[in-house]
$ cat structure31.cif   # mmCIF, C-alpha atoms
data_final
#
loop_
_atom_site.label_atom_id
_atom_site.label_comp_id
_atom_site.auth_asym_id
_atom_site.auth_seq_id
_atom_site.Cartn_x
_atom_site.Cartn_y
_atom_site.Cartn_z
CA PHE K 25 -10.79 11.50 19.27
CA HIS K 26 -12.59 8.30 18.40
CA ASN K 27 -10.95 7.19 15.15
CA VAL K 28 -7.55 8.84 14.79
CA ARG K 29 -4.41 7.29 16.20
CA PHE K 30 -0.79 8.26 15.83
CA SER K 31 2.39 6.58 14.73
CA LEU K 32 5.98 7.77 14.64
CA LEU K 33 8.26 8.21 11.65
CA ALA K 34 12.03 8.47 11.97
CA PRO K 35 14.91 8.18 9.52
CA VAL K 36 17.52 5.75 10.84
CA SER K 37 21.12 5.43 9.68
CA SER K 38 22.06 2.16 11.37
CA ALA K 39 20.50 -0.98 12.77
CA ALA K 40 21.43 0.14 16.28
CA GLN K 41 19.66 3.45 15.72
CA ALA K 42 16.59 1.60 14.46
CA SER K 43 16.54 -0.49 17.62
CA ALA K 44 16.79 2.61 19.80
CA ALA K 45 14.09 4.45 17.85
CA ILE K 46 11.67 1.51 18.03
CA ALA K 47 12.29 1.15 21.76
CA ALA K 48 11.68 4.88 22.28
CA ALA K 49 8.46 4.73 20.26
CA GLY K 50 7.35 1.86 22.45
CA ASN K 51 7.46 4.20 25.46
CA THR K 52 4.67 6.31 23.92
CA ASN K 53 1.07 5.54 23.01
CA ALA K 54 2.02 5.21 19.34
CA ARG K 55 0.47 2.33 17.44
CA ALA K 56 3.28 1.99 14.89
CA PHE K 57 6.83 2.95 14.03
CA TRP K 58 7.76 3.75 10.43
CA SER K 59 11.27 3.60 9.00
CA THR K 60 12.15 5.57 5.92
CA GLN K 61 13.99 3.95 3.00
CA GLY K 62 16.73 6.37 2.07
CA GLU K 63 20.42 6.16 1.35
CA ALA K 64 21.40 4.50 4.63
CA VAL K 65 20.08 1.22 6.03
CA ASP K 66 17.58 -1.03 4.32
CA ALA K 67 14.25 -0.40 6.04
CA LEU K 68 13.03 -4.00 6.04
CA THR K 69 16.28 -5.31 7.48
CA ALA K 70 16.47 -2.52 10.05
CA LEU K 71 12.95 -3.28 11.29
CA ALA K 72 13.66 -7.01 11.48
CA VAL K 73 16.86 -6.68 13.50
CA GLY K 74 15.76 -3.68 15.56
CA ALA K 75 12.29 -4.81 16.59
CA GLY K 76 13.21 -6.46 19.88
CA ASP K 77 10.09 -7.41 21.78
CA THR K 78 8.04 -4.40 20.69
CA SER K 79 4.28 -4.70 20.31
CA LEU K 80 4.20 -1.85 17.76
CA ASP K 81 3.28 -2.31 14.15
CA LEU K 82 6.41 -1.71 12.09
CA GLY K 83 6.18 -0.14 8.65
CA THR K 84 8.34 0.94 5.74
CA ALA K 85 7.65 4.46 4.50
CA VAL K 86 8.34 3.70 1.77
CA ILE K 87 10.28 1.19 -0.35
CA PRO K 88 10.67 2.26 -4.00
CA ILE K 89 9.48 -0.55 -6.24
CA GLN K 90 11.84 0.07 -9.15
CA GLY K 91 14.89 -1.32 -7.36
CA ARG K 92 13.51 -4.74 -6.37
CA HIS K 93 11.99 -7.48 -8.44
CA PRO K 94 8.55 -8.37 -7.03
CA MET K 95 9.71 -11.91 -6.26
CA VAL K 96 12.66 -10.60 -4.24
CA LEU K 97 10.49 -8.18 -2.31
CA ALA K 98 7.82 -10.81 -1.66
CA GLN K 99 10.44 -13.12 -0.19
CA GLN K 100 11.93 -10.34 1.92
CA ALA K 101 8.57 -9.15 3.20
CA LEU K 102 7.27 -12.60 4.09
CA THR K 103 10.50 -13.48 5.87
CA VAL K 104 10.55 -10.24 7.86
CA ASN K 105 6.87 -10.54 8.73
CA GLU K 106 7.47 -14.06 10.04
CA ASN K 107 10.23 -12.67 12.26
CA LEU K 108 7.94 -9.83 13.39
CA GLU K 109 5.06 -12.23 14.05
CA GLY K 110 2.69 -10.37 11.74
CA GLN K 111 3.54 -6.79 12.74
CA LEU K 112 4.94 -5.67 9.36
CA ILE K 113 3.28 -3.01 7.22
CA LEU K 114 4.88 -3.10 3.78
CA GLY K 115 4.76 0.47 2.49
CA LEU K 116 5.60 0.86 -1.20
CA GLY K 117 6.07 3.85 -3.48
CA VAL K 118 7.47 4.95 -6.82
CA SER K 119 10.06 7.40 -5.40
CA HIS K 120 10.83 10.52 -7.44
CA ARG K 121 11.93 11.14 -11.01
CA PRO K 122 15.38 12.68 -10.17
CA PHE K 123 16.32 9.69 -8.00
CA VAL K 124 14.99 6.96 -10.29
CA GLU K 125 16.38 8.43 -13.51
CA THR K 126 19.64 9.93 -12.23
CA THR K 127 20.72 7.55 -9.48
CA TRP K 128 19.41 4.31 -10.95
CA GLY K 129 19.31 5.22 -14.62
CA MET K 130 15.81 3.78 -14.92
CA SER K 131 12.64 5.12 -16.51
CA TYR K 132 10.14 7.03 -14.40
CA ALA K 133 7.53 7.04 -17.15
CA THR K 134 3.96 6.09 -16.17
CA PRO K 135 4.62 5.56 -12.43
CA VAL K 136 1.00 4.62 -11.62
CA ALA K 137 1.00 1.98 -14.35
CA GLN K 138 4.33 0.74 -12.98
CA MET K 139 2.81 0.31 -9.56
CA ALA K 140 -0.30 -1.42 -10.88
CA GLU K 141 1.80 -3.95 -12.78
CA TYR K 142 4.07 -4.44 -9.79
CA LEU K 143 1.05 -5.31 -7.66
CA ASP K 144 -0.14 -7.72 -10.36
CA VAL K 145 3.01 -9.74 -9.68
CA LEU K 146 3.63 -9.03 -5.99
CA GLU K 147 0.19 -9.71 -4.55
CA PRO K 148 -0.23 -13.28 -5.82
CA LEU K 149 3.34 -14.05 -4.76
CA LEU K 150 2.54 -12.87 -1.24
CA ASP K 151 -0.36 -15.34 -1.33
CA ARG K 152 1.96 -18.16 -2.60
CA GLN K 153 0.08 -18.33 -5.87
CA GLU K 154 1.55 -19.34 -9.21
CA VAL K 155 2.39 -16.32 -11.39
CA ASP K 156 2.71 -16.24 -15.17
CA HIS K 157 3.30 -12.61 -16.09
CA ALA K 158 5.28 -10.94 -18.85
CA GLY K 159 4.49 -7.23 -18.83
CA GLN K 160 5.98 -3.88 -19.72
CA ARG K 161 8.28 -3.85 -16.69
CA TRP K 162 8.32 -7.20 -14.98
CA THR K 163 8.42 -10.85 -15.86
CA MET K 164 7.64 -13.61 -13.39
CA ARG K 165 6.93 -17.25 -14.08
CA GLY K 166 6.66 -19.41 -11.01
CA HIS K 167 5.93 -19.13 -7.32
CA ILE K 168 7.64 -18.90 -3.95
CA THR K 169 7.44 -21.11 -0.89
CA THR K 170 8.67 -18.53 1.64
CA THR K 171 6.95 -18.91 5.01
CA GLY K 172 5.40 -16.11 7.02
CA ASP K 173 2.02 -14.40 6.94
CA ARG K 174 1.20 -11.92 4.22
CA PRO K 175 2.02 -8.39 5.48
CA ARG K 176 -0.40 -5.51 5.22
CA LEU K 177 0.27 -3.58 2.02
CA TYR K 178 0.20 0.24 1.98
CA LEU K 179 0.89 2.54 -0.96
CA SER K 180 2.41 6.00 -0.91
CA ALA K 181 0.04 8.34 -2.75
CA LEU K 182 0.76 11.99 -3.47
CA GLY K 183 -1.53 12.38 -6.48
CA PRO K 184 -5.09 11.37 -7.37
CA ARG K 185 -4.32 8.45 -9.70
CA MET K 186 -2.11 6.70 -7.17
CA ALA K 187 -4.64 7.41 -4.42
CA GLN K 188 -7.36 5.81 -6.53
CA LEU K 189 -5.18 2.75 -7.15
CA ALA K 190 -4.49 2.51 -3.43
CA GLY K 191 -8.18 2.79 -2.66
CA ALA K 192 -8.86 -0.15 -4.95
CA ARG K 193 -6.02 -2.46 -4.00
CA ALA K 194 -4.13 -1.54 -0.82
CA ASP K 195 -4.73 -2.04 2.89
CA GLY K 196 -3.70 1.53 3.52
CA ILE K 197 -2.47 4.78 2.00
CA VAL K 198 0.54 6.77 3.21
CA THR K 199 0.85 10.47 2.41
CA TRP K 200 3.66 12.86 3.27
CA PHE K 201 3.31 16.65 3.16
CA VAL K 202 -0.15 16.35 1.60
CA GLY K 203 -2.08 19.16 3.24
CA PRO K 204 -5.73 19.44 4.29
CA ARG K 205 -6.90 21.15 1.09
CA SER K 206 -5.47 18.35 -1.05
CA LEU K 207 -6.71 15.65 1.31
CA GLU K 208 -10.24 17.00 1.16
CA THR K 209 -10.52 17.79 -2.55
CA ILE K 210 -8.16 15.29 -4.18
CA THR K 211 -6.82 12.45 -2.04
CA VAL K 212 -9.87 11.25 -0.10
CA PRO K 213 -12.27 11.49 -3.07
CA ALA K 214 -9.79 9.54 -5.21
CA ILE K 215 -9.40 6.87 -2.54
CA ASP K 216 -13.17 6.57 -2.30
CA ARG K 217 -13.52 6.24 -6.08
CA GLY K 218 -11.03 3.40 -6.08
CA ALA K 219 -12.60 1.67 -3.10
CA SER K 220 -16.11 2.03 -4.54
CA ALA K 221 -15.08 0.64 -7.92
CA ALA K 222 -13.50 -2.35 -6.18
CA ASP K 223 -16.52 -2.74 -3.87
CA ARG K 224 -14.46 -2.44 -0.70
CA LEU K 225 -14.22 -0.18 2.31
CA ARG K 226 -11.88 2.81 2.36
CA PRO K 227 -8.38 1.68 3.42
CA GLU K 228 -6.61 3.27 6.36
CA LEU K 229 -5.34 6.77 5.60
CA VAL K 230 -1.97 7.52 7.17
CA ALA K 231 -1.04 11.20 6.84
CA GLY K 232 2.56 12.15 7.56
CA PHE K 233 3.67 15.55 8.83
CA PRO K 234 6.52 17.02 10.86
CA VAL K 235 5.13 17.89 14.28
CA CYS K 236 6.47 20.31 16.91
CA VAL K 237 4.71 21.60 20.02
CA THR K 238 6.45 24.83 20.87
CA SER K 239 6.15 28.26 22.44
CA THR K 240 8.51 29.71 19.80
CA PRO K 241 6.81 28.88 16.49
CA ASP K 242 8.97 31.17 14.36
CA GLU K 243 12.10 29.29 15.44
CA ALA K 244 10.38 25.97 14.82
CA ARG K 245 9.36 27.11 11.35
CA ARG K 246 12.94 28.07 10.53
CA LEU K 247 14.10 24.66 11.74
CA ALA K 248 11.42 22.91 9.68
CA ASN K 249 12.42 24.76 6.53
CA SER K 250 16.04 23.81 7.19
CA GLN K 251 15.33 20.13 7.83
CA TYR K 252 12.72 19.60 5.14
CA GLY K 253 13.65 22.29 2.63
CA GLY K 254 15.02 19.72 0.21
CA LEU K 255 11.48 18.54 -0.46
CA ALA K 256 10.72 21.70 -2.38
CA ALA K 257 13.34 20.69 -4.96
CA LEU K 258 11.31 17.60 -5.92
CA PRO K 259 8.55 18.19 -8.48
CA THR K 260 5.94 16.08 -6.67
CA TYR K 261 6.39 17.98 -3.41
CA ARG K 262 6.43 21.32 -5.18
CA THR K 263 3.02 20.32 -6.50
CA THR K 264 1.70 19.43 -3.05
CA LEU K 265 2.90 22.77 -1.69
CA GLU K 266 1.35 24.68 -4.58
CA ARG K 267 -2.00 22.93 -4.10
CA GLU K 268 -2.07 24.23 -0.54
CA GLY K 269 -0.98 27.72 -1.50
CA CYS K 270 2.18 27.24 0.55
CA ASP K 271 5.64 28.63 -0.07
CA ALA K 272 7.75 26.38 2.16
CA PRO K 273 7.57 23.03 4.00
CA ALA K 274 7.05 24.76 7.36
CA ASP K 275 3.69 25.99 6.08
CA LEU K 276 2.41 22.39 6.13
CA ALA K 277 4.17 21.22 9.30
CA LEU K 278 2.07 20.97 12.47
CA ILE K 279 3.66 23.69 14.61
CA GLY K 280 2.26 25.57 17.59
CA THR K 281 1.05 25.16 21.13
CA ALA K 282 -0.36 21.82 22.23
CA ALA K 283 -3.90 23.11 21.74
CA GLU K 284 -3.11 24.50 18.28
CA VAL K 285 -1.52 21.27 17.08
CA HIS K 286 -4.39 19.34 18.66
CA ASP K 287 -6.82 21.37 16.55
CA ARG K 288 -4.81 20.70 13.39
CA VAL K 289 -4.96 16.96 14.08
CA LEU K 290 -8.70 17.18 14.75
CA ASP K 291 -9.13 18.89 11.37
CA LEU K 292 -7.22 16.06 9.71
CA GLU K 293 -9.45 13.51 11.42
CA ARG K 294 -12.54 15.25 10.06
CA LEU K 295 -11.08 14.88 6.56
CA GLY K 296 -10.73 11.13 6.96
CA VAL K 297 -7.23 10.69 8.39
CA THR K 298 -7.18 7.71 10.75
CA ASN K 299 -3.46 7.65 11.52
CA LEU K 300 -1.21 10.69 12.01
CA MET K 301 2.33 9.66 11.09
CA ALA K 302 4.36 12.17 13.11
CA ASP K 303 7.97 13.08 12.44
CA VAL K 304 8.63 14.79 15.77
CA PHE K 305 11.26 17.54 15.57
CA GLY K 306 12.60 20.42 17.64
CA SER K 307 14.59 20.83 20.84
CA PRO K 308 14.56 18.09 23.51
CA ASP K 309 11.94 20.04 25.47
CA GLU K 310 9.81 20.59 22.37
CA LYS K 311 10.01 16.92 21.49
CA ALA K 312 8.96 15.97 25.01
CA ALA K 313 5.99 18.36 24.80
CA THR K 314 5.07 16.94 21.39
CA TYR K 315 5.12 13.35 22.65
CA GLU K 316 2.96 14.41 25.60
CA MET K 317 0.44 16.01 23.25
CA LEU K 318 0.40 12.95 20.97
CA ASP K 319 -0.05 10.61 23.90
CA GLY K 320 -2.99 12.75 24.96
CA LEU K 321 -4.81 12.07 21.70
CA THR K 322 -6.13 8.88 23.26
CA SER K 323 -7.21 10.63 26.46
CA VAL K 324 -10.84 11.43 27.24
CA ILE K 325 -9.70 14.69 28.85
CA ASP K 326 -9.58 17.52 26.36
CA ILE K 327 -6.10 18.97 25.96
CA ARG K 328 -7.42 22.48 26.58
CA GLU K 329 -8.58 21.37 30.04
CA GLN K 330 -5.12 20.02 30.74
CA GLU K 331 -3.48 23.31 29.72
CA SER K 332 -6.02 25.33 31.69
CA ALA K 333 -5.34 23.24 34.80
CA ARG K 334 -1.59 23.86 34.49
CA MET K 335 -2.08 27.59 34.04
CA ASN K 336 -4.71 27.93 36.79
CA PRO K 337 -3.80 25.46 39.52
#
$ encode --input "structure31.cif" --output "structure tokens"
Amino acid sequence: FHNVRFSLLAPVSSAAQASAAIAAAGNTNARAFWSTQGEAVDALTALAVGAGDTSLDLGTAVIPIQGRHPMVLAQQALTVNENLEGQLILGLGVSHRPFVETTWGMSYATPVAQMAEYLDVLEPLLDRQEVDHAGQRWTMRGHITTTGDRPRLYLSALGPRMAQLAGARADGIVTWFVGPRSLETITVPAIDRGASAADRLRPELVAGFPVCVTSTPDEARRLANSQYGGLAALPTYRTTLEREGCDAPADLALIGTAAEVHDRVLDLERLGVTNLMADVFGSPDEKAATYEMLDGLTSVIDIREQESARMNP
């Protein structure tokens, strides 16, 4: 492995849990820790208070844009990034229609256009520029004086139009349950179209998957379908599964022996993935084996040689 690195994703339900998860991630060779933005703690706040003295990059995967005015988010992100001394990755997304329309009572129409307009307001604010914008969704007239360096900006992209927007305007792209077929034929080409049109290099591609190194793959698959089965109820994830010809979330999870998972990661690297965002799951022993395999991604010794040495001392 020459280009791929790994980071760790974990949902956290409290600031204390965020602190523990970041500290645990710091004991691995991970380059970053990502906090989800769900129904529990606020991801930005959790990263700020839980960071401790970590050297990891700390990212949000991802904050839905509909619930925060761009000025508010710019102030939050700059303040947190000042506290984190430049380690923040601000991951943004448009969430999902059932959540936005049912929980918030807001429109989910034209999500890519929503994101593009949001960036029109957010990006100059992050640069402390004056903004005079009155658009379809957002109005902003003025500027902010919040201190702190501008954070890196990543966009969640599950479809081609959002991937193209991210290629043109973001520092990175975050995918979740987007399989190799979609990455090769849809996501990466769309990113490259956006980057080419904007005359810039391809942004970092962070691909998120559940990962479990195990000797009992059938049990791990059952656990994966139990833990991640709710994804199939969301239209966007049903689409990603259908594109891969998959029936259930476990079909896209990285499950198998260390060598098998290693090969899956190598395949992802060949498709352009530069950062595997791993949601490690399984029993304590399986998690330990998974962390060992992930740590070995940076080793010059091939993982098959390591397994062969253990089996044939």
$ closest_atom_pairs --input "structure31.cif" --of "region 45-113 of chain K" --to "region 220-233 of chain K" --cutoff "12 Å" --atoms "only C-alpha atoms" --output "Markdown table"
| residue | atom | partner | partner_atom | distance |
| --- | --- | --- | --- | --- |
| K:Arg55 | CA | K:Val230 | CA | 11.8 |
| K:Ala56 | CA | K:Val230 | CA | 10.9 |
| K:Trp58 | CA | K:Gly232 | CA | 10.3 |
| K:Thr60 | CA | K:Gly232 | CA | 11.7 |
| K:Gly83 | CA | K:Val230 | CA | 11.3 |
| K:Ala85 | CA | K:Gly232 | CA | 9.7 |
| K:Val86 | CA | K:Gly232 | CA | 11.8 |
| K:Ile113 | CA | K:Glu228 | CA | 11.7 |
$ residues_around --input "structure31.cif" --residues "region 235-245 of chain K" --least-positions-apart "6" --cutoff "7 Å" --atoms "only C-alpha atoms" --output "MDAnalysis selection string"
chainID K and resid 274 277:282 285 302:306 310:311 313:314
$ atom_distance --input "structure31.cif" --atom1 "CA of Arg161 (chain K)" --atom2 "CA of Gln90 (chain K)"
9.2 Å
$ residues_around --input "structure31.cif" --residues "Ala214 (chain K)" --least-positions-apart "5" --cutoff "10 Å" --atoms "all atoms listed in the file" --output "list in words"
Gly183, Pro184, Arg185, Met186, Ala187, Gln188, Leu189, Ala190, Gly191, Ala192, Leu207, Glu208, Thr209, Ala219 and Ser220 of chain K
$ resolve_selection --input "structure31.cif" --expression "the PyMOL selection byres ((chain K and resi 130-136) around 7)" --output "list of chain:residue names"
K:Val118, K:Arg121, K:Val124, K:Glu125, K:Trp128, K:Gly129, K:Ala137, K:Gln138, K:Met139, K:Ala140, K:Arg185, K:Met186
$ resolve_selection --input "structure31.cif" --expression "the PyMOL selection byres ((chain K and resi 154) around 10)" --output "PyMOL selection string"
chain K and resi 145+148-149+151-153+155-157+164-168
$ atom_distance --input "structure31.cif" --atom1 "CA of His93 (chain K)" --atom2 "CA of Trp200 (chain K)"
24.9 Å
$ closest_residue --input "structure31.cif" --among "K:Val104, K:Ala54, K:Ile87, K:Leu33" --to "Gly320 (chain K)" --atoms "all atoms listed in the file"
K:Ala54
$ closest_residue --input "structure31.cif" --among "K:Ser37, K:Thr52, K:Thr264, K:Thr199" --to "Asp66 (chain K)" --atoms "only C-alpha atoms"
K:Ser37
$ atom_distance --input "structure31.cif" --atom1 "CA of Ala257 (chain K)" --atom2 "CA of Leu182 (chain K)"
15.4 Å
